[in-house]
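**Student:** Can you keep this structure in mind? I'll have questions shortly.
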Amino acid sequence: MGIVEKIKEIEEEMARTQKNKATEYHLGLLKAKLARYRAQLLEPAAKSGGAGTGFDVQKSGDARVALIGFPSVGKSTLLSKCTHTQSEAAAYEFTTLTAIPGVIEHQGARIQLLDLPGIVEGASAGRGRGRQVVATAKTADLILIMLDATKSEEQRRLLEIELDAVGIRLNKTRPDVVFKRKTTGGITINKTVTMTKTDEKTIRTILASYKLHNCDVMIREDITTDEFIDVLIGTRKYVPCLYVYNKIDAISLEQMDKLAREDHTVVISCELGLNLDYLIEKIWEELNLVKVYTKKRGVHPDLDDPVCLRKGATVESVCNGIHRSLATNFRYALVWGKSSKFNPHAQKVSLSHHVLDEDVVSIFTK
């Protein structure tokens with residue numbers, strides 16, 4: 001029996017099993033098995049045959065945004081409207097057959113927007129080059145799920161299932177669980193919270209199914225069985241996501257208002273160019289980027305070309321963003337802005353100083 005058949009069999013058994021206290025451990029074991037088989041499906045142990053053709057697009061700019069959706073929802077039109085790249089758009093499905101990159105220039109930052117081919121149901125199992133599409137999505141800093149406003153909510157649920165199956169967790173944070181293997185001493189489980197969604201017996205059952213008999217587990221959050229399995233596997237990717245509903249010009253005002261009020265949702269019309277500016281603003285907001293301006297000694301700061309970094313970046317990140325040799329020869333830096341203790345005056349700082357949005361940094365080397 002192949003891996004796909006085994007996965008299907010487990011899913012059917014889980015659907016048949018009633019969810020209650022008595023079946024909790026059995027379901028926990030099934031979920032652990034399912035996660036293991038899915039990992040094998042995505043990363044086969046023995047690679048046979050020649051190398052496959054992936055979407056090898058070099059990561060460029062300050063952040064990467066991936067466009068994911070079913071065929072003919074307007075992904076290529078959005079790429080053409082928001083960037084200077086022309087992606088072929090036509091009235092038939094599967095117009096785009098490979099990943100097409102474009103660049104959004106916003107507030108001095110260069111954001112790479114990837115138009116990926118439309119995915120079909122069963123993409124996580126490899127249907128319709130789906131595995132390459134979702135593997136490319138794993139490298140993104142933000143995922144835009146393009147949906148057709150004229151179609152049912154089922155499309156959103158199906159896309160979430162496909163991404164979940166390959167280990168992409170949308171709009172979730174990594175569970176606050178520390179897991180450490182050891183050579184002897186058995187299993188030690190420590191908790192700082194009351195667990196309501198799972199229990200210690202289920203956790204021990206899952207650890208045994210992964211042949212983990214000596215380890216330390218520290219749980220600082222009320223987690224579910226699925227979240228604990230994610231921690232064990234350790235390859236899950238937690239990515240922010242925006243749901244973009246296109247073709248709002250074809251639905252009623254009431255429907256559009258209802259969609260627009262949902263969390264992490266933007267409504268647009270690529271055809272009429274409606275709300276595209278707001279979408280770019282939301283992308284910027286979700287990416288959580290920090291702009292830092294550089295200043296040479298005795299000169300005004302350069303406000304046209306900022307260094308864009310992730311939130312929580314340090315002066316060392318600024319040095320690496322300018323040139324790799326700067327951090328090696330670093331003496332000290334002067335910082336003006338929100339992160340300076342003496343704002344509006346400069347503060348003399350080291351490499352470990354955390355910078356904030358719109359700070360001005362002057363770096364002095366040996």
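In the structure tokens, each chain is lettered A, B, ... as it comes, each chain's residues begin at 1, and ligands are numbered from 1 in order of appearance.
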Based on the backbone DSSP call, show me all residues of stretch 192-331 of chain A assigned strand (DSSP E), as a PyMOL selection string.

**Tutor:** chain A and resi 215-219+237-239+241-246+265-267+289-294+302-310+330-331

**Student:** Taking the chain letters and numbering used in this document, name the residues of stretch 158-198 of chain A that DSSP puts in alpha helix (DSSP H), as a compact mmCIF listing (two decimals) with N, CA, C and O atoms, in the first residue's frame.

**Tutor:**
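Result written to out29.txt:
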```
# COMPACT_ATOMS: atom_id res chain seq x y z
N LEU A 158 -10.85 24.73 1.13
CA LEU A 158 -10.03 23.76 0.39
C LEU A 158 -8.57 24.20 0.31
O LEU A 158 -7.66 23.39 0.47
N LEU A 159 -8.35 25.49 0.07
CA LEU A 159 -6.97 26.02 0.00
C LEU A 159 -6.27 25.92 1.35
O LEU A 159 -5.10 25.58 1.42
N GLU A 160 -7.02 26.21 2.42
CA GLU A 160 -6.44 26.10 3.77
C GLU A 160 -6.04 24.67 4.08
O GLU A 160 -5.00 24.42 4.68
N ILE A 161 -6.87 23.69 3.65
CA ILE A 161 -6.58 22.26 3.87
C ILE A 161 -5.30 21.87 3.13
O ILE A 161 -4.43 21.18 3.68
N GLU A 162 -5.16 22.32 1.87
CA GLU A 162 -3.98 21.98 1.06
C GLU A 162 -2.70 22.54 1.70
O GLU A 162 -1.69 21.85 1.76
N LEU A 163 -2.76 23.79 2.18
CA LEU A 163 -1.57 24.41 2.78
C LEU A 163 -1.26 23.78 4.14
O LEU A 163 -0.10 23.62 4.50
N ASP A 164 -2.30 23.43 4.88
CA ASP A 164 -2.12 22.79 6.18
C ASP A 164 -1.45 21.43 6.03
O ASP A 164 -0.60 21.05 6.84
N ALA A 165 -1.83 20.71 4.97
CA ALA A 165 -1.30 19.36 4.72
C ALA A 165 0.20 19.37 4.45
O ALA A 165 0.89 18.38 4.70
```

**Student:** Tell me, as number ranges by chain, which residues lie within 6 Å of A:Leu67, counting only C-alpha atoms; anything in the same chain fewer than 6 positions away does not count.

**Tutor:** A: 114-116, 144

**Student:** Might you pull out every residue within 12 Å of A:Gly234, with only C-alpha atoms counted and same-chain residues fewer than 6 positions away left off, and present them as a ChimeraX atom specification?

**Tutor:** /A:35-36,39,167-168,174-175,177-180,227-228

**Student:** Those residues with N, CA and C atoms, as a PDB file, in the first residue's frame please?

**Tutor:**
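The resulting out_27.pdb:
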```pdb
ATOM      1  N   ALA A  35       0.587  12.750  10.360  1.00  0.00           N
ATOM      2  CA  ALA A  35       1.635  13.774  10.198  1.00  0.00           C
ATOM      3  C   ALA A  35       2.927  13.145   9.692  1.00  0.00           C
ATOM      4  N   ARG A  36       3.243  11.907  10.185  1.00  0.00           N
ATOM      5  CA  ARG A  36       4.474  11.220   9.766  1.00  0.00           C
ATOM      6  C   ARG A  36       4.410  10.831   8.293  1.00  0.00           C
ATOM      7  N   ALA A  39       4.741  13.880   6.048  1.00  0.00           N
ATOM      8  CA  ALA A  39       6.147  14.329   5.981  1.00  0.00           C
ATOM      9  C   ALA A  39       6.933  13.456   4.996  1.00  0.00           C
ATOM     10  N   GLY A 167       2.264  21.561   5.872  1.00  0.00           N
ATOM     11  CA  GLY A 167       2.970  22.134   7.024  1.00  0.00           C
ATOM     12  C   GLY A 167       3.029  23.639   7.061  1.00  0.00           C
ATOM     13  N   ILE A 168       2.148  24.328   6.298  1.00  0.00           N
ATOM     14  CA  ILE A 168       2.092  25.790   6.367  1.00  0.00           C
ATOM     15  C   ILE A 168       0.937  26.162   7.290  1.00  0.00           C
ATOM     16  N   ARG A 174       4.002  30.086  16.593  1.00  0.00           N
ATOM     17  CA  ARG A 174       4.598  28.836  17.037  1.00  0.00           C
ATOM     18  C   ARG A 174       4.194  28.554  18.494  1.00  0.00           C
ATOM     19  N   PRO A 175       3.722  27.338  18.806  1.00  0.00           N
ATOM     20  CA  PRO A 175       3.321  27.027  20.187  1.00  0.00           C
ATOM     21  C   PRO A 175       4.494  27.196  21.156  1.00  0.00           C
ATOM     22  N   VAL A 177       6.238  25.755  23.377  1.00  0.00           N
ATOM     23  CA  VAL A 177       6.592  24.433  23.913  1.00  0.00           C
ATOM     24  C   VAL A 177       8.073  24.198  23.635  1.00  0.00           C
ATOM     25  N   VAL A 178       8.804  23.784  24.674  1.00  0.00           N
ATOM     26  CA  VAL A 178      10.225  23.459  24.489  1.00  0.00           C
ATOM     27  C   VAL A 178      10.367  21.944  24.536  1.00  0.00           C
ATOM     28  N   PHE A 179      10.957  21.387  23.468  1.00  0.00           N
ATOM     29  CA  PHE A 179      11.141  19.933  23.376  1.00  0.00           C
ATOM     30  C   PHE A 179      12.631  19.643  23.207  1.00  0.00           C
ATOM     31  N   LYS A 180      13.190  18.811  24.097  1.00  0.00           N
ATOM     32  CA  LYS A 180      14.634  18.529  24.047  1.00  0.00           C
ATOM     33  C   LYS A 180      14.870  17.023  24.195  1.00  0.00           C
ATOM     34  N   GLU A 227      -1.048  20.761  17.630  1.00  0.00           N
ATOM     35  CA  GLU A 227       0.048  21.709  17.863  1.00  0.00           C
ATOM     36  C   GLU A 227       1.254  21.015  18.481  1.00  0.00           C
ATOM     37  N   PHE A 228       1.015  20.016  19.348  1.00  0.00           N
ATOM     38  CA  PHE A 228       2.129  19.285  19.940  1.00  0.00           C
ATOM     39  C   PHE A 228       2.866  18.466  18.870  1.00  0.00           C
TER      40      PHE A 228
END
```

**Student:** Tell me which of A:His353, A:Ile68, A:Val120, A:Ser152 sits closest to A:Ala99, counting only C-alpha atoms.

**Tutor:**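 Selected residue with least distance to A:Ala99: A:Ile68.
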
**Student:** Could you name the residues that touch A:Thr235 at 10 Å or less, counting only C-alpha atoms, but leaving out those on the same chain fewer than 2 positions away, as an mmCIF file with N, CA, C and O atoms, in the first residue's frame?

**Tutor:**
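New file around17.cif:
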```
data_model
loop_
_atom_site.group_PDB
_atom_site.id
_atom_site.type_symbol
_atom_site.label_atom_id
_atom_site.label_comp_id
_atom_site.auth_asym_id
_atom_site.auth_seq_id
_atom_site.Cartn_x
_atom_site.Cartn_y
_atom_site.Cartn_z
ATOM 1 N N ALA A 39 4.741 13.880 6.048
ATOM 2 C CA ALA A 39 6.147 14.329 5.981
ATOM 3 C C ALA A 39 6.933 13.456 4.996
ATOM 4 O O ALA A 39 7.758 13.949 4.237
ATOM 5 N N VAL A 166 0.729 20.498 3.936
ATOM 6 C CA VAL A 166 2.173 20.556 3.652
ATOM 7 C C VAL A 166 2.948 21.281 4.754
ATOM 8 O O VAL A 166 4.120 21.602 4.594
ATOM 9 N N GLY A 167 2.264 21.561 5.872
ATOM 10 C CA GLY A 167 2.970 22.134 7.024
ATOM 11 C C GLY A 167 3.029 23.639 7.061
ATOM 12 O O GLY A 167 3.859 24.211 7.756
ATOM 13 N N ILE A 168 2.148 24.328 6.298
ATOM 14 C CA ILE A 168 2.092 25.790 6.367
ATOM 15 C C ILE A 168 0.937 26.162 7.290
ATOM 16 O O ILE A 168 -0.209 25.784 7.051
ATOM 17 N N ASP A 230 3.048 19.268 15.729
ATOM 18 C CA ASP A 230 3.798 20.264 14.943
ATOM 19 C C ASP A 230 5.151 20.574 15.589
ATOM 20 O O ASP A 230 6.159 20.711 14.901
ATOM 21 N N VAL A 231 5.159 20.687 16.930
ATOM 22 C CA VAL A 231 6.408 20.964 17.663
ATOM 23 C C VAL A 231 7.383 19.799 17.493
ATOM 24 O O VAL A 231 8.580 19.991 17.266
ATOM 25 N N LEU A 232 6.860 18.557 17.580
ATOM 26 C CA LEU A 232 7.706 17.358 17.445
ATOM 27 C C LEU A 232 8.343 17.282 16.064
ATOM 28 O O LEU A 232 9.528 16.981 15.932
ATOM 29 N N ILE A 233 7.538 17.540 15.033
ATOM 30 C CA ILE A 233 8.054 17.445 13.659
ATOM 31 C C ILE A 233 9.072 18.557 13.411
ATOM 32 O O ILE A 233 10.116 18.335 12.804
ATOM 33 N N LYS A 237 5.937 25.740 9.074
ATOM 34 C CA LYS A 237 6.230 27.150 8.739
ATOM 35 C C LYS A 237 5.012 27.985 9.113
ATOM 36 O O LYS A 237 3.903 27.703 8.671
ATOM 37 N N TYR A 238 5.231 28.984 9.974
ATOM 38 C CA TYR A 238 4.138 29.853 10.431
ATOM 39 C C TYR A 238 4.203 31.148 9.629
ATOM 40 O O TYR A 238 5.143 31.925 9.774
#
```

**Student:** Between A:Ala149, A:Ala137, A:Leu142, A:Ile206, which one has atoms that come closest to A:Asp257, using only C-alpha atoms?

**Tutor:** A:Ala149

**Student:** Go through A:Leu212, A:Ala32, A:Ile268, A:Ile187 one by one, measure the shortest atom-to-atom distance of each to A:Asp148 using only C-alpha atoms, and give the residue with the smallest value.

**Tutor:**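 Looking at the shortest contact to A:Asp148, the residue is A:Ile268.
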